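Source file: model30.tsv. Holds: TSV, C-alpha atoms.
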```
chain	number	residue	atom	x	y	z
G	163	MET	CA	-46.52	-93.84	69.41
G	164	ASP	CA	-45.83	-97.24	67.84
G	165	ARG	CA	-45.43	-95.85	64.31
G	166	LEU	CA	-42.72	-93.43	65.42
G	167	LYS	CA	-40.94	-96.16	67.40
G	168	HIS	CA	-41.06	-98.50	64.40
G	169	GLU	CA	-39.54	-95.88	62.10
G	170	ILE	CA	-36.72	-95.07	64.52
G	171	GLU	CA	-35.93	-98.78	64.82
G	172	HIS	CA	-36.12	-99.19	61.03
G	173	GLY	CA	-33.69	-96.30	60.50
G	174	LYS	CA	-31.22	-97.86	62.91
G	175	LYS	CA	-31.55	-101.27	61.25
G	176	ILE	CA	-30.81	-100.04	57.72
G	177	SER	CA	-28.38	-97.23	58.59
G	178	LYS	CA	-25.21	-99.07	57.53
G	179	ASN	CA	-26.45	-99.58	53.96
G	180	ALA	CA	-29.53	-97.38	53.67
G	181	GLU	CA	-28.98	-96.15	50.12
G	182	SER	CA	-28.52	-99.73	48.97
G	183	VAL	CA	-31.75	-100.76	50.74
G	184	TRP	CA	-33.51	-97.85	49.02
G	185	ASN	CA	-31.96	-98.85	45.67
G	186	TRP	CA	-30.32	-95.48	44.99
G	187	ASP	CA	-26.75	-96.75	44.62
G	188	SER	CA	-27.03	-98.87	41.45
G	189	PRO	CA	-26.40	-97.30	38.02
G	190	ALA	CA	-30.15	-97.23	37.30
G	191	GLY	CA	-30.85	-96.09	40.86
G	192	LYS	CA	-28.58	-93.07	40.39
G	193	VAL	CA	-30.40	-92.14	37.17
G	194	ARG	CA	-33.73	-92.46	38.98
G	195	ALA	CA	-32.49	-90.32	41.87
G	196	ASP	CA	-31.38	-87.53	39.54
G	197	ARG	CA	-34.72	-87.56	37.74
G	198	ARG	CA	-36.61	-87.53	41.03
G	199	ALA	CA	-34.56	-84.61	42.35
G	200	ASN	CA	-35.25	-82.66	39.16
G	201	TYR	CA	-38.98	-83.26	39.60
G	202	LEU	CA	-38.86	-82.07	43.20
G	203	VAL	CA	-37.06	-78.89	42.18
G	204	GLU	CA	-39.29	-78.27	39.16
G	205	TYR	CA	-42.59	-78.63	40.99
G	206	GLY	CA	-41.34	-77.12	44.23
G	207	GLY	CA	-40.12	-74.05	42.38
G	208	PHE	CA	-37.18	-73.78	44.80
G	209	LYS	CA	-34.77	-70.91	44.34
G	210	LYS	CA	-31.85	-69.47	46.24
G	211	GLY	CA	-32.88	-68.06	49.60
G	212	ASP	CA	-36.22	-69.91	49.79
G	213	LYS	CA	-36.94	-71.47	53.18
G	214	VAL	CA	-37.48	-75.12	52.30
G	215	LEU	CA	-38.43	-77.88	54.73
G	216	GLU	CA	-37.44	-81.39	53.72
G	217	ILE	CA	-39.09	-84.10	55.79
G	218	GLY	CA	-37.66	-87.61	56.04
G	219	CYS	CA	-34.26	-86.53	54.73
G	220	GLY	CA	-32.57	-89.83	55.67
G	221	THR	CA	-28.92	-89.82	54.64
G	222	GLY	CA	-29.26	-86.41	52.96
G	223	LEU	CA	-29.03	-87.79	49.42
G	224	PHE	CA	-31.85	-85.62	48.09
G	225	THR	CA	-30.98	-82.74	50.41
G	226	GLU	CA	-27.62	-82.51	48.66
G	227	LYS	CA	-29.11	-82.76	45.19
G	228	ILE	CA	-31.73	-80.08	45.90
G	229	TYR	CA	-29.18	-77.76	47.49
G	230	ASN	CA	-26.72	-78.16	44.60
G	231	LEU	CA	-29.49	-77.45	42.07
G	232	THR	CA	-31.02	-74.45	43.85
G	233	GLY	CA	-28.96	-73.05	46.74
G	234	ALA	CA	-32.17	-72.93	48.80
G	235	ASP	CA	-32.15	-72.40	52.58
G	236	ILE	CA	-33.00	-75.97	53.61
G	237	THR	CA	-34.06	-77.33	56.97
G	238	ALA	CA	-34.03	-81.14	56.81
G	239	ILE	CA	-35.64	-83.38	59.44
G	240	ASP	CA	-35.74	-87.09	60.21
G	241	VAL	CA	-36.50	-89.30	63.22
G	242	SER	CA	-33.39	-91.46	62.82
G	243	PRO	CA	-30.25	-90.22	64.60
G	244	GLU	CA	-28.16	-92.77	62.69
G	245	LEU	CA	-29.32	-91.54	59.28
G	246	LEU	CA	-28.99	-87.90	60.33
G	247	GLU	CA	-25.37	-88.52	61.32
G	248	GLN	CA	-24.67	-89.55	57.73
G	249	ALA	CA	-26.58	-86.56	56.38
G	250	ARG	CA	-24.56	-84.14	58.52
G	251	GLY	CA	-21.39	-85.80	57.23
G	252	ARG	CA	-22.08	-84.38	53.78
G	253	GLY	CA	-20.89	-80.98	54.99
G	254	LEU	CA	-23.85	-79.06	53.61
G	255	PRO	CA	-24.94	-75.63	54.94
G	256	VAL	CA	-28.21	-77.24	56.05
G	257	ASP	CA	-29.87	-77.58	59.45
G	258	PHE	CA	-30.36	-81.32	60.02
G	259	LEU	CA	-32.77	-81.81	62.92
G	260	GLU	CA	-34.06	-84.91	64.70
G	261	LEU	CA	-37.81	-84.27	64.58
G	262	ASN	CA	-41.13	-86.02	64.01
G	263	ALA	CA	-42.69	-84.66	60.80
G	264	MET	CA	-46.20	-85.12	62.22
G	265	GLU	CA	-45.50	-82.74	65.11
G	266	THR	CA	-42.83	-80.06	64.70
G	267	PRO	CA	-41.79	-76.99	66.76
G	268	PHE	CA	-41.73	-74.64	63.77
G	269	GLU	CA	-43.77	-71.44	63.69
G	270	GLU	CA	-46.90	-71.24	61.58
G	271	GLU	CA	-46.41	-70.15	57.97
G	272	TRP	CA	-42.61	-70.34	58.23
G	273	PHE	CA	-41.58	-72.24	55.09
G	274	SER	CA	-42.09	-71.32	51.45
G	275	SER	CA	-41.98	-74.98	50.34
G	276	VAL	CA	-42.06	-78.47	51.86
G	277	CYS	CA	-40.72	-81.53	50.10
G	278	GLY	CA	-39.68	-85.12	50.61
G	279	SER	CA	-38.71	-88.35	48.90
G	280	SER	CA	-40.39	-91.63	49.89
G	281	VAL	CA	-41.47	-90.38	53.31
G	282	LEU	CA	-45.25	-89.79	53.43
G	283	HIS	CA	-45.95	-93.50	53.06
G	284	HIS	CA	-44.11	-94.07	56.38
G	285	LEU	CA	-46.35	-91.58	58.21
G	286	ASP	CA	-49.94	-91.01	59.21
G	287	MET	CA	-50.49	-89.07	55.99
G	288	GLN	CA	-53.37	-86.98	57.26
G	289	ALA	CA	-51.47	-85.90	60.39
G	290	ALA	CA	-48.35	-85.14	58.35
G	291	LEU	CA	-50.21	-83.10	55.73
G	292	LYS	CA	-52.03	-81.08	58.38
G	293	GLU	CA	-48.70	-80.24	60.03
G	294	ILE	CA	-47.18	-79.37	56.66
G	295	TYR	CA	-50.14	-77.08	55.95
G	296	ARG	CA	-49.62	-75.36	59.31
G	297	VAL	CA	-45.95	-74.50	58.74
G	298	LEU	CA	-46.36	-73.56	55.07
G	299	LYS	CA	-46.74	-69.94	53.97
G	300	PRO	CA	-49.88	-68.96	52.02
G	301	GLY	CA	-49.13	-69.65	48.37
G	302	GLY	CA	-46.41	-72.11	49.40
G	303	LYS	CA	-45.89	-75.37	47.53
G	304	ILE	CA	-45.49	-78.98	48.54
G	305	VAL	CA	-43.91	-81.67	46.40
G	306	PHE	CA	-43.27	-85.31	47.24
G	307	ALA	CA	-42.18	-88.41	45.37
G	308	GLU	CA	-43.71	-91.62	46.73
G	309	PRO	CA	-44.13	-95.30	45.78
G	310	ASN	CA	-47.22	-96.08	43.70
G	311	ILE	CA	-49.51	-98.72	45.23
G	312	PHE	CA	-50.70	-99.80	41.75
G	313	ASN	CA	-47.22	-100.90	40.70
G	314	PRO	CA	-47.36	-104.73	40.85
G	315	HIS	CA	-44.01	-105.07	42.63
G	316	ILE	CA	-44.91	-102.47	45.25
G	317	PHE	CA	-48.45	-103.85	45.71
G	318	ILE	CA	-47.07	-107.31	46.56
G	319	GLU	CA	-44.26	-105.89	48.69
G	320	ARG	CA	-46.65	-103.86	50.83
G	321	ASN	CA	-49.55	-106.33	51.09
G	322	VAL	CA	-48.04	-109.82	51.40
G	323	PRO	CA	-46.74	-110.18	54.99
G	324	LEU	CA	-44.10	-112.81	54.14
G	325	VAL	CA	-42.67	-110.67	51.32
G	326	LYS	CA	-42.88	-107.55	53.49
G	327	ARG	CA	-40.77	-109.18	56.23
G	328	TRP	CA	-38.33	-110.72	53.75
G	329	LEU	CA	-37.65	-107.36	52.10
G	330	GLY	CA	-37.34	-105.54	55.44
G	331	VAL	CA	-40.25	-103.17	54.89
G	332	SER	CA	-41.09	-101.27	58.08
G	333	PRO	CA	-44.35	-102.40	59.79
G	334	ASP	CA	-46.46	-99.30	59.04
G	335	GLU	CA	-45.09	-98.64	55.56
G	336	THR	CA	-47.63	-98.41	52.75
G	337	ALA	CA	-47.79	-96.69	49.33
G	338	VAL	CA	-49.83	-94.00	47.59
G	339	ASN	CA	-53.16	-94.34	45.79
G	340	ARG	CA	-53.15	-91.18	43.71
G	341	TRP	CA	-56.92	-90.68	43.73
G	342	LYS	CA	-57.13	-91.05	47.50
G	343	MET	CA	-54.16	-88.70	47.85
G	344	ASN	CA	-55.90	-86.07	45.73
G	345	LYS	CA	-58.93	-86.31	48.01
G	346	LEU	CA	-56.79	-86.12	51.16
G	347	LEU	CA	-54.96	-83.04	49.91
G	348	LYS	CA	-58.29	-81.26	49.39
G	349	GLU	CA	-59.52	-82.34	52.84
G	350	CYS	CA	-56.37	-80.86	54.39
G	351	GLY	CA	-57.00	-77.51	52.70
G	352	PHE	CA	-54.59	-77.66	49.76
G	353	ALA	CA	-55.39	-76.39	46.26
G	354	HIS	CA	-54.10	-76.98	42.72
G	355	GLU	CA	-53.37	-80.56	43.75
G	356	THR	CA	-51.80	-82.87	41.18
G	357	VAL	CA	-50.75	-86.49	41.66
G	358	PHE	CA	-49.34	-88.31	38.65
G	359	PRO	CA	-47.54	-91.64	38.09
G	360	TYR	CA	-44.08	-91.85	36.58
G	361	ASP	CA	-40.94	-94.04	36.47
G	362	PHE	CA	-40.67	-97.39	34.70
G	363	LEU	CA	-36.91	-97.70	35.26
G	364	HIS	CA	-36.33	-100.53	37.72
G	365	PRO	CA	-33.27	-99.91	39.95
G	366	HIS	CA	-31.78	-103.27	38.94
G	367	THR	CA	-31.89	-102.50	35.21
G	368	PRO	CA	-28.48	-103.37	33.66
G	369	GLU	CA	-26.46	-100.28	32.86
G	370	LEU	CA	-26.40	-101.01	29.11
G	371	CYS	CA	-30.21	-101.10	29.04
G	372	ILE	CA	-30.93	-97.90	30.99
G	373	GLY	CA	-31.28	-95.64	27.95
G	374	MET	CA	-33.62	-98.04	26.15
G	375	VAL	CA	-35.78	-98.64	29.22
G	376	ASN	CA	-36.00	-94.90	29.88
G	377	ARG	CA	-37.15	-94.21	26.33
G	378	LEU	CA	-39.75	-96.96	26.52
G	379	GLY	CA	-40.83	-95.75	29.96
G	380	SER	CA	-41.34	-92.18	28.71
G	381	ILE	CA	-43.77	-93.57	26.12
G	382	ILE	CA	-45.69	-95.73	28.61
G	383	GLU	CA	-45.99	-92.78	31.01
G	384	LYS	CA	-48.24	-91.12	28.40
G	385	ILE	CA	-50.53	-94.12	27.80
G	386	PRO	CA	-53.81	-94.06	29.77
G	387	GLY	CA	-54.22	-97.16	31.91
G	388	LEU	CA	-50.69	-98.46	31.47
G	389	LYS	CA	-49.14	-95.41	33.12
G	390	GLU	CA	-51.01	-96.25	36.34
G	391	ILE	CA	-48.60	-99.12	37.10
G	392	ALA	CA	-45.50	-96.89	37.15
G	393	GLY	CA	-43.20	-97.27	40.14
G	394	SER	CA	-43.66	-93.82	41.68
G	395	VAL	CA	-45.98	-90.85	41.91
G	396	ILE	CA	-45.26	-87.14	42.15
G	397	ILE	CA	-47.51	-85.21	44.56
G	398	TYR	CA	-47.87	-81.47	44.13
G	399	ALA	CA	-50.17	-78.92	45.78
G	400	GLN	CA	-50.29	-75.34	47.06
G	401	LYS	CA	-51.59	-73.66	50.18
G	402	PRO	CA	-54.20	-71.08	49.16
G	403	LEU	CA	-53.30	-67.42	49.52
G	404	SER	CA	-56.38	-66.83	51.67
```

The structure in this file should be written as structure tokens.
Amino acid sequence: MDRLKHEIEHGKKISKNAESVWNWDSPAGKVRADRRANYLVEYGGFKKGDKVLEIGCGTGLFTEKIYNLTGADITAIDVSPELLEQARGRGLPVDFLELNAMETPFEEEWFSSVCGSSVLHHLDMQAALKEIYRVLKPGGKIVFAEPNIFNPHIFIERNVPLVKRWLGVSPDETAVNRWKMNKLLKECGFAHETVFPYDFLHPHTPELCIGMVNRLGSIIEKIPGLKEIAGSVIIYAQKPLS
């Protein structure tokens, strides 16, 4: 599968400075990461002892944040052995496994929640969501944070080939249209689906300006129309009980 091969190659290419490539290591990036982790925990409803599957765990940055916030029983998977080596180096009581999220060996209805940060847009989303549905318990929740295709920066980055190559975006990488995602979630059998835009804090925002930009962003996130160009979306849904 070319997509899988591309993602393994991409993981190897960025492994030495992955969190810098993903913009999580700047002062603003760290604030964004904490907010994203809080959203994942809030909408995932994770609690101690829950069996949580994290797909596309990368270096384990969000694995660690989710574990520290909840104490959940996390299984974290990724296709990149280089990124998984870094994740395992965090010393967490987590099973880090080298697996393809679109085809896993887990039993049906095994996990109470499935989550991920910036991973679905690397995958065949329909195939991934069908596999997630299979391994999720009835009543279980999914929550993902993904790039928003309507953000001008992301739209150019994902659609202009020259910019895409210059920024090192992987060949199959895209972004999320929240209306199409809502439709896809329903088609895959999920219920109570919610996809909403958030995040106007750019990772390169100077440290002194972070508070001001966050306050302004929280206002824009409530304005119809303008909120649609936020940098990210949160995706939430549940598997029906029957």

* Structure fact -> A straight line from atom CA of G:Val241 to atom CA of G:Val256 spans 16.3 Å

* **stretch 330-336 of chain G environment, 6 Å, all atoms listed in the file, sequence neighbours closer than 3 positions dropped, as a list in words** =>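 Within the cut-off, the hits are His283, His284, Arg320, Lys326 and Arg327 of chain G.
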
* Quick one: residues within 12 Å of G:Lys342, only C-alpha atoms counted, chain neighbours fewer than 2 positions away excluded, as a PyMOL selection string? -> chain G and resi 287-288+310-311+337-340+344-349+355-357+397

* Asked: By how many Å are atom CA of G:Ala289 and atom CA of G:Glu216 apart?
  -> 16.2 Å

* To do: Extract, using only C-alpha atoms, all DNA, RNA and protein residues at most 10 Å from G:Tyr205, discarding same-chain residues fewer than 3 positions from it, and format them as a ChimeraX atom specification.
  => /G:200-202,208,277,303-306,396-399

* Asked: Closest to G:Gly278 among G:Ile391, G:Val325, G:Ala263, G:Leu363, using all atoms listed in the file?
  ->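 Of G:Ile391, G:Val325, G:Ala263, G:Leu363, the one nearest G:Gly278, counting all atoms listed in the file, is G:Ala263.
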
* To do: Compare G:Asp257, G:Asp164, G:Glu244, G:Asp235 by their minimum atom-to-atom distance to G:Val214, counting only C-alpha atoms, and give me the closest one.
  => G:Asp235

* Asked: What does the distance between atom CA of G:Phe352 and atom CA of G:Ile385 come to in Å, to one decimal place?
  -> 27.7 Å

* Asked: So which residues touch stretch 294-297 of chain G within 10 Å, counting only C-alpha atoms, skipping near sequence neighbours fewer than 4 positions away, as a PyMOL selection string?
  -> chain G and resi 215+217+263-277+288-290+302-304+347+350-352+400-402

Residue selection dump (C-alpha atoms) as an mmCIF file, keeping the file's coordinate frame:
```cif
data_model
loop_
_atom_site.group_PDB
_atom_site.id
_atom_site.type_symbol
_atom_site.label_atom_id
_atom_site.label_comp_id
_atom_site.auth_asym_id
_atom_site.auth_seq_id
_atom_site.Cartn_x
_atom_site.Cartn_y
_atom_site.Cartn_z
ATOM 1 C CA LEU G 215 -38.430 -77.880 54.730
ATOM 2 C CA ILE G 217 -39.090 -84.100 55.790
ATOM 3 C CA ALA G 263 -42.690 -84.660 60.800
ATOM 4 C CA MET G 264 -46.200 -85.120 62.220
ATOM 5 C CA GLU G 265 -45.500 -82.740 65.110
ATOM 6 C CA THR G 266 -42.830 -80.060 64.700
ATOM 7 C CA PRO G 267 -41.790 -76.990 66.760
ATOM 8 C CA PHE G 268 -41.730 -74.640 63.770
ATOM 9 C CA GLU G 269 -43.770 -71.440 63.690
ATOM 10 C CA GLU G 270 -46.900 -71.240 61.580
ATOM 11 C CA GLU G 271 -46.410 -70.150 57.970
ATOM 12 C CA TRP G 272 -42.610 -70.340 58.230
ATOM 13 C CA PHE G 273 -41.580 -72.240 55.090
ATOM 14 C CA SER G 274 -42.090 -71.320 51.450
ATOM 15 C CA SER G 275 -41.980 -74.980 50.340
ATOM 16 C CA VAL G 276 -42.060 -78.470 51.860
ATOM 17 C CA CYS G 277 -40.720 -81.530 50.100
ATOM 18 C CA GLN G 288 -53.370 -86.980 57.260
ATOM 19 C CA ALA G 289 -51.470 -85.900 60.390
ATOM 20 C CA ALA G 290 -48.350 -85.140 58.350
ATOM 21 C CA GLY G 302 -46.410 -72.110 49.400
ATOM 22 C CA LYS G 303 -45.890 -75.370 47.530
ATOM 23 C CA ILE G 304 -45.490 -78.980 48.540
ATOM 24 C CA LEU G 347 -54.960 -83.040 49.910
ATOM 25 C CA CYS G 350 -56.370 -80.860 54.390
ATOM 26 C CA GLY G 351 -57.000 -77.510 52.700
ATOM 27 C CA PHE G 352 -54.590 -77.660 49.760
ATOM 28 C CA GLN G 400 -50.290 -75.340 47.060
ATOM 29 C CA LYS G 401 -51.590 -73.660 50.180
ATOM 30 C CA PRO G 402 -54.200 -71.080 49.160
#
```

Write out as AutoDock Vina command-line options an axis-aligned box for stretch 253-260 of chain G: all of its atoms listed in the file, 6 Å added on each side, centre and edge lengths in Å with one decimal.
```
--center_x -27.5 --center_y -80.3 --center_z 59.2 --size_x 25.2 --size_y 21.3 --size_z 23.1
```

* To do: With a distance cut-off of 10 Å and only C-alpha atoms, select the neighbouring residues of G:Leu223, excluding the residue or stretch itself and same-chain residues fewer than 3 positions from it, and output the selection as a list in words.
  => Glu181, Trp186, Ala195, Ala199, Cys219, Gly220, Glu226, Lys227, Ile228, Gln248, Ala249, Arg252 and Ser279 of chain G

Write out N, CA and C atoms for stretch 180-191 of chain G, as an mmCIF file, in the coordinates of the input.
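This went into result-v1.cif:
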```
data_model
loop_
_atom_site.group_PDB
_atom_site.id
_atom_site.type_symbol
_atom_site.label_atom_id
_atom_site.label_comp_id
_atom_site.auth_asym_id
_atom_site.auth_seq_id
_atom_site.Cartn_x
_atom_site.Cartn_y
_atom_site.Cartn_z
ATOM 1 N N ALA G 180 -28.204 -97.917 53.978
ATOM 2 C CA ALA G 180 -29.530 -97.380 53.670
ATOM 3 C C ALA G 180 -29.739 -97.111 52.180
ATOM 4 N N GLU G 181 -28.780 -96.497 51.527
ATOM 5 C CA GLU G 181 -28.980 -96.150 50.120
ATOM 6 C C GLU G 181 -29.022 -97.386 49.232
ATOM 7 N N SER G 182 -28.400 -98.463 49.677
ATOM 8 C CA SER G 182 -28.520 -99.730 48.970
ATOM 9 C C SER G 182 -29.900 -100.335 49.191
ATOM 10 N N VAL G 183 -30.397 -100.277 50.433
ATOM 11 C CA VAL G 183 -31.750 -100.760 50.740
ATOM 12 C C VAL G 183 -32.777 -100.002 49.918
ATOM 13 N N TRP G 184 -32.573 -98.694 49.775
ATOM 14 C CA TRP G 184 -33.510 -97.850 49.020
ATOM 15 C C TRP G 184 -33.277 -97.913 47.513
ATOM 16 N N ASN G 185 -32.258 -98.662 47.096
ATOM 17 C CA ASN G 185 -31.960 -98.850 45.670
ATOM 18 C C ASN G 185 -31.549 -97.562 44.945
ATOM 19 N N TRP G 186 -30.817 -96.695 45.631
ATOM 20 C CA TRP G 186 -30.320 -95.480 44.990
ATOM 21 C C TRP G 186 -28.868 -95.604 44.539
ATOM 22 N N ASP G 187 -28.190 -96.693 44.885
ATOM 23 C CA ASP G 187 -26.750 -96.750 44.620
ATOM 24 C C ASP G 187 -26.370 -97.547 43.377
ATOM 25 N N SER G 188 -27.326 -98.163 42.696
ATOM 26 C CA SER G 188 -27.030 -98.870 41.450
ATOM 27 C C SER G 188 -26.964 -97.862 40.305
ATOM 28 N N PRO G 189 -26.421 -98.237 39.146
ATOM 29 C CA PRO G 189 -26.400 -97.300 38.020
ATOM 30 C C PRO G 189 -27.790 -96.775 37.660
ATOM 31 N N ALA G 190 -28.776 -97.669 37.601
ATOM 32 C CA ALA G 190 -30.150 -97.230 37.300
ATOM 33 C C ALA G 190 -30.715 -96.428 38.462
ATOM 34 N N GLY G 191 -30.376 -96.821 39.693
ATOM 35 C CA GLY G 191 -30.850 -96.090 40.860
ATOM 36 C C GLY G 191 -30.368 -94.655 40.863
#
```
